[in-house]
Amino acid sequence: MSPDQDQWLLPLLTPWNLPEPRLTAELTDLGDRSRVWRVESSDGPYVAKLTFDDPAFVEPGLRIAALLDRAGIPTGAPIPTVDGKLCCPIDRPQDHPWTLALHTFIPGSPLDLTTDTAPEQAGDLLGRVHHTLMTLPDVPQPAGRMLDYYKGEAKHLGRRRGAALRKALTAIADFRASAPLSEGVLYGDPAPEILQDPDSTALALIDWGSPSWGPLLHDVVSWQLFLTARQPPEAAPTVERRFLTAYRARRPISEREMDGRDLLLDLHRAIQDAWTPEPPMDAAG
């Protein structure tokens with residue numbers, strides 16, 4: 001670890017009153033949204049996360065992670081400060097504050113998505129997460145609403161670049177007018193951080209930095225694409241079917257609602273395309 005990081009980061013951990021804290025490794029490669037460090041102390045390992053956003057947008061995800069952890073789904077839950085806060089603002093001159101949180105360290109390694117059991121494990125985990133957040137009382141509201149966010153973004157993309165996104169959003173609105181489309185807390189990240197403890201079959205879902213509210217099928221589509229992208233093309237349909245079967249065993253969903261999955265796939269593709277840089281024009285263009 002850089003001595004400079006010890007000098008500026010360790011004092012920021014004072015609200016947690018850790019005994020003999022020391023930084024042992026940075027776990028991010030200069031992330032554009034946050035930076036994460038492993039922190040050792042005499043009472044165990046922790047993870048410190050500095051998010052480049054205001055606490056108002058970060059704290060709901062911390063509360064959701066804490067709620068899931070108490071319900072039996074490991075999340076790397078936040079550690080309260082001495083005075084009971086889940087995060088601390090890090091003031092910056094002439095700009096909005098950043099947010100520092102201390103998390104439970106989760107042992108393990110990323111779930112191997114190529115194993116034979118990965119589709120069932122991932123489907124079961126996401127189904128448990130969605131079911132838990134739909135059934136527990138007083139679930140914190142995320143700071144953002146997914147569909148509203150992309151509606152706003154579509155207005156700024158221009159007629160051509162935003163056309164596919166607007167079309168996908170309109171199709172979802174039309175579907176919702178005549179068919180069920182369950183909404184709830186979304187994990188939100190298209191690359192879920194699923195960890196497996198080497199000493200058990202338990203899975204953890206960490207990094208609740210960007211939850212939002214929207215159709216739960218958005219998470220389902222994101223996870224199935226994440227799984228199938230790591231499989232041979234010929235295996236993708238089987239992996240998708242097994243993932244969905246495991247998910248629906250935890251959170252039953254009607255066939256009519258499942259019909260909306262293609263619309264969320266279209267939305268996912270439109271989002272990816274809208275923010276994919278266009279290739280430079282050649283001299284003739």
# chains A, B, ... in the order shown; residues from 1 in each chain; ligands from 1
call {"tool": "closest_atom_pairs", "arguments": {"of": "region 189-275 of chain A", "to": "region 72-78 of chain A", "cutoff": "6 Å", "atoms": "only C-alpha atoms", "output": "tab-separated table"}}
result
residue	atom	partner	partner_atom	distance
A:Ala204	CA	A:Pro74	CA	4.6
A:Leu205	CA	A:Thr75	CA	5.0
A:Ile206	CA	A:Thr75	CA	4.6
call {"tool": "select_by_dssp", "arguments": {"residues": "region 2-237 of chain A", "states": "helix (DSSP H, G or I)", "output": "ChimeraX atom specification"}}
result
/A:3-16,55-70,118-135,146-156,158-161,163-176,216-228,233-237
call {"tool": "closest_residue", "arguments": {"among": "A:Thr51, A:Ser109, A:Thr245, A:Ser182", "to": "Ile90 (chain A)", "atoms": "only C-alpha atoms"}}
result
A:Thr51
call {"tool": "residues_around", "arguments": {"residues": "Gly108 (chain A)", "least_positions_apart": "5", "cutoff": "9 Å", "atoms": "only C-alpha atoms", "output": "PyMOL selection string"}}
result
chain A and resi 195-199+203-204
call {"tool": "atom_distance", "arguments": {"atom1": "CA of Trp208 (chain A)", "atom2": "CA of His131 (chain A)"}}
result
16.6 Å
call {"tool": "residues_around", "arguments": {"residues": "Asp32 (chain A)", "least_positions_apart": "6", "cutoff": "12 Å", "atoms": "only C-alpha atoms", "output": "compact mmCIF listing (two decimals) with all heavy atoms, in the first residue's frame"}}
result
# COMPACT_ATOMS: atom_id res chain seq x y z
N LEU A 50 -14.98 3.86 -0.81
CA LEU A 50 -15.19 5.28 -1.04
C LEU A 50 -15.93 5.43 -2.36
O LEU A 50 -15.39 5.11 -3.43
CB LEU A 50 -13.85 6.02 -1.09
CG LEU A 50 -13.91 7.52 -1.34
CD1 LEU A 50 -14.60 8.24 -0.18
CD2 LEU A 50 -12.50 8.09 -1.57
N THR A 51 -17.16 5.90 -2.30
CA THR A 51 -18.00 6.05 -3.49
C THR A 51 -18.02 7.51 -3.90
O THR A 51 -18.22 8.40 -3.06
CB THR A 51 -19.44 5.57 -3.21
OG1 THR A 51 -19.39 4.20 -2.79
CG2 THR A 51 -20.30 5.67 -4.47
N PHE A 52 -17.85 7.75 -5.21
CA PHE A 52 -17.78 9.12 -5.70
C PHE A 52 -19.18 9.67 -5.92
O PHE A 52 -19.54 10.08 -7.03
CB PHE A 52 -16.98 9.17 -7.00
CG PHE A 52 -15.62 8.50 -6.91
CD1 PHE A 52 -15.09 7.86 -8.01
CD2 PHE A 52 -14.89 8.52 -5.74
CE1 PHE A 52 -13.85 7.24 -7.93
CE2 PHE A 52 -13.65 7.90 -5.65
CZ PHE A 52 -13.13 7.26 -6.74
N ASP A 53 -19.97 9.67 -4.87
CA ASP A 53 -21.34 10.16 -4.96
C ASP A 53 -21.80 10.61 -3.58
O ASP A 53 -21.21 10.26 -2.56
CB ASP A 53 -22.28 9.08 -5.50
CG ASP A 53 -23.43 9.67 -6.32
OD1 ASP A 53 -23.72 10.87 -6.14
OD2 ASP A 53 -24.03 8.93 -7.11
call {"tool": "residues_around", "arguments": {"residues": "Ala118 (chain A)", "least_positions_apart": "6", "cutoff": "10 Å", "atoms": "only C-alpha atoms", "output": "short mmCIF file (atom, residue, chain, number, x, y, z; two decimals) with all heavy atoms, in the first residue's frame"}}
result
data_model
loop_
_atom_site.label_atom_id
_atom_site.label_comp_id
_atom_site.auth_asym_id
_atom_site.auth_seq_id
_atom_site.Cartn_x
_atom_site.Cartn_y
_atom_site.Cartn_z
N LEU A 111 -17.99 -16.70 -8.09
CA LEU A 111 -18.61 -17.95 -8.54
C LEU A 111 -18.11 -18.29 -9.93
O LEU A 111 -18.14 -17.45 -10.84
CB LEU A 111 -20.13 -17.80 -8.55
CG LEU A 111 -20.93 -19.00 -9.08
CD1 LEU A 111 -20.79 -20.19 -8.14
CD2 LEU A 111 -22.41 -18.61 -9.24
N ASP A 112 -17.66 -19.52 -10.10
CA ASP A 112 -17.19 -19.99 -11.41
C ASP A 112 -18.42 -20.26 -12.28
O ASP A 112 -19.13 -21.25 -12.08
CB ASP A 112 -16.35 -21.26 -11.24
CG ASP A 112 -15.76 -21.74 -12.56
OD1 ASP A 112 -16.11 -21.19 -13.62
OD2 ASP A 112 -14.94 -22.69 -12.52
N ASP A 124 -31.15 -19.37 -8.12
CA ASP A 124 -31.65 -19.48 -6.76
C ASP A 124 -31.31 -18.23 -5.95
O ASP A 124 -32.15 -17.72 -5.20
CB ASP A 124 -31.04 -20.72 -6.09
CG ASP A 124 -31.51 -20.91 -4.66
OD1 ASP A 124 -32.63 -21.40 -4.47
OD2 ASP A 124 -30.75 -20.55 -3.74
N LEU A 227 -24.60 -14.84 -17.46
CA LEU A 227 -24.29 -16.27 -17.42
C LEU A 227 -23.99 -16.82 -18.81
O LEU A 227 -22.98 -17.51 -19.01
CB LEU A 227 -25.46 -17.04 -16.82
CG LEU A 227 -25.60 -17.06 -15.31
CD1 LEU A 227 -26.98 -17.56 -14.92
CD2 LEU A 227 -24.52 -17.92 -14.67
N VAL A 239 -28.46 -23.28 -20.41
CA VAL A 239 -28.07 -22.50 -19.24
C VAL A 239 -29.18 -21.53 -18.87
O VAL A 239 -29.55 -21.40 -17.69
CB VAL A 239 -26.75 -21.75 -19.52
CG1 VAL A 239 -26.47 -20.71 -18.43
CG2 VAL A 239 -25.59 -22.73 -19.62
N ARG A 242 -32.17 -23.41 -17.25
CA ARG A 242 -31.89 -23.87 -15.89
C ARG A 242 -31.85 -22.69 -14.91
O ARG A 242 -32.33 -22.79 -13.78
CB ARG A 242 -30.58 -24.65 -15.88
CG ARG A 242 -30.68 -25.98 -16.62
CD ARG A 242 -29.31 -26.59 -16.88
NE ARG A 242 -28.55 -26.74 -15.64
CZ ARG A 242 -27.23 -26.97 -15.62
NH1 ARG A 242 -26.56 -27.08 -16.75
NH2 ARG A 242 -26.61 -27.12 -14.47
N PHE A 243 -31.29 -21.58 -15.35
CA PHE A 243 -31.26 -20.39 -14.51
C PHE A 243 -32.68 -19.91 -14.20
O PHE A 243 -33.02 -19.63 -13.04
CB PHE A 243 -30.47 -19.28 -15.22
CG PHE A 243 -30.67 -17.91 -14.65
CD1 PHE A 243 -30.10 -17.54 -13.44
CD2 PHE A 243 -31.46 -16.97 -15.31
CE1 PHE A 243 -30.30 -16.28 -12.90
CE2 PHE A 243 -31.66 -15.70 -14.79
CZ PHE A 243 -31.08 -15.36 -13.59
#
call {"tool": "closest_residue", "arguments": {"among": "A:Thr99, A:Gln94, A:Thr81, A:Ser222", "to": "Pro190 (chain A)", "atoms": "only C-alpha atoms"}}
result
A:Ser222
call {"tool": "residues_around", "arguments": {"residues": "Pro15 (chain A)", "least_positions_apart": "3", "cutoff": "12 Å", "atoms": "only C-alpha atoms", "output": "list in words"}}
result
Leu10, Pro11, Leu12, Leu18, Pro19, Ile79, Pro80, Thr81, Val82, Asp83, Gly84, Lys85, Leu86, Cys87, Cys88, Pro89, Ile90, Leu100, Ala101 and Leu102 of chain A
call {"tool": "select_by_dssp", "arguments": {"residues": "region 144-206 of chain A", "states": "strand (DSSP E or B)", "output": "count of residues only"}}
result
14
call {"tool": "residues_around", "arguments": {"residues": "Phe57 (chain A)", "least_positions_apart": "6", "cutoff": "10 Å", "atoms": "only C-alpha atoms", "output": "short mmCIF file (atom, residue, chain, number, x, y, z; two decimals) with N, CA and C atoms, in the first residue's frame"}}
result
data_model
loop_
_atom_site.label_atom_id
_atom_site.label_comp_id
_atom_site.auth_asym_id
_atom_site.auth_seq_id
_atom_site.Cartn_x
_atom_site.Cartn_y
_atom_site.Cartn_z
N THR A 51 -17.16 5.90 -2.30
CA THR A 51 -18.00 6.05 -3.49
C THR A 51 -18.02 7.51 -3.90
N THR A 99 -18.76 9.52 -0.36
CA THR A 99 -19.31 8.72 0.73
C THR A 99 -18.37 7.58 1.09
N PRO A 142 -34.83 2.65 -3.03
CA PRO A 142 -33.61 3.11 -3.69
C PRO A 142 -33.74 4.56 -4.12
N ALA A 143 -32.60 5.17 -4.39
CA ALA A 143 -32.61 6.59 -4.75
C ALA A 143 -33.16 6.82 -6.15
N GLY A 144 -33.05 5.84 -7.03
CA GLY A 144 -33.46 6.05 -8.42
C GLY A 144 -34.50 5.05 -8.90
N GLY A 209 -24.08 -0.95 -4.52
CA GLY A 209 -23.86 0.48 -4.71
C GLY A 209 -24.81 1.14 -5.67
N SER A 210 -25.54 0.37 -6.49
CA SER A 210 -26.40 1.02 -7.49
C SER A 210 -27.78 0.37 -7.59
N PRO A 211 -28.44 0.08 -6.47
CA PRO A 211 -29.81 -0.47 -6.60
C PRO A 211 -30.76 0.61 -7.10
#
call {"tool": "atom_distance", "arguments": {"atom1": "CA of Thr135 (chain A)", "atom2": "CA of Ala65 (chain A)"}}
result
15.2 Å
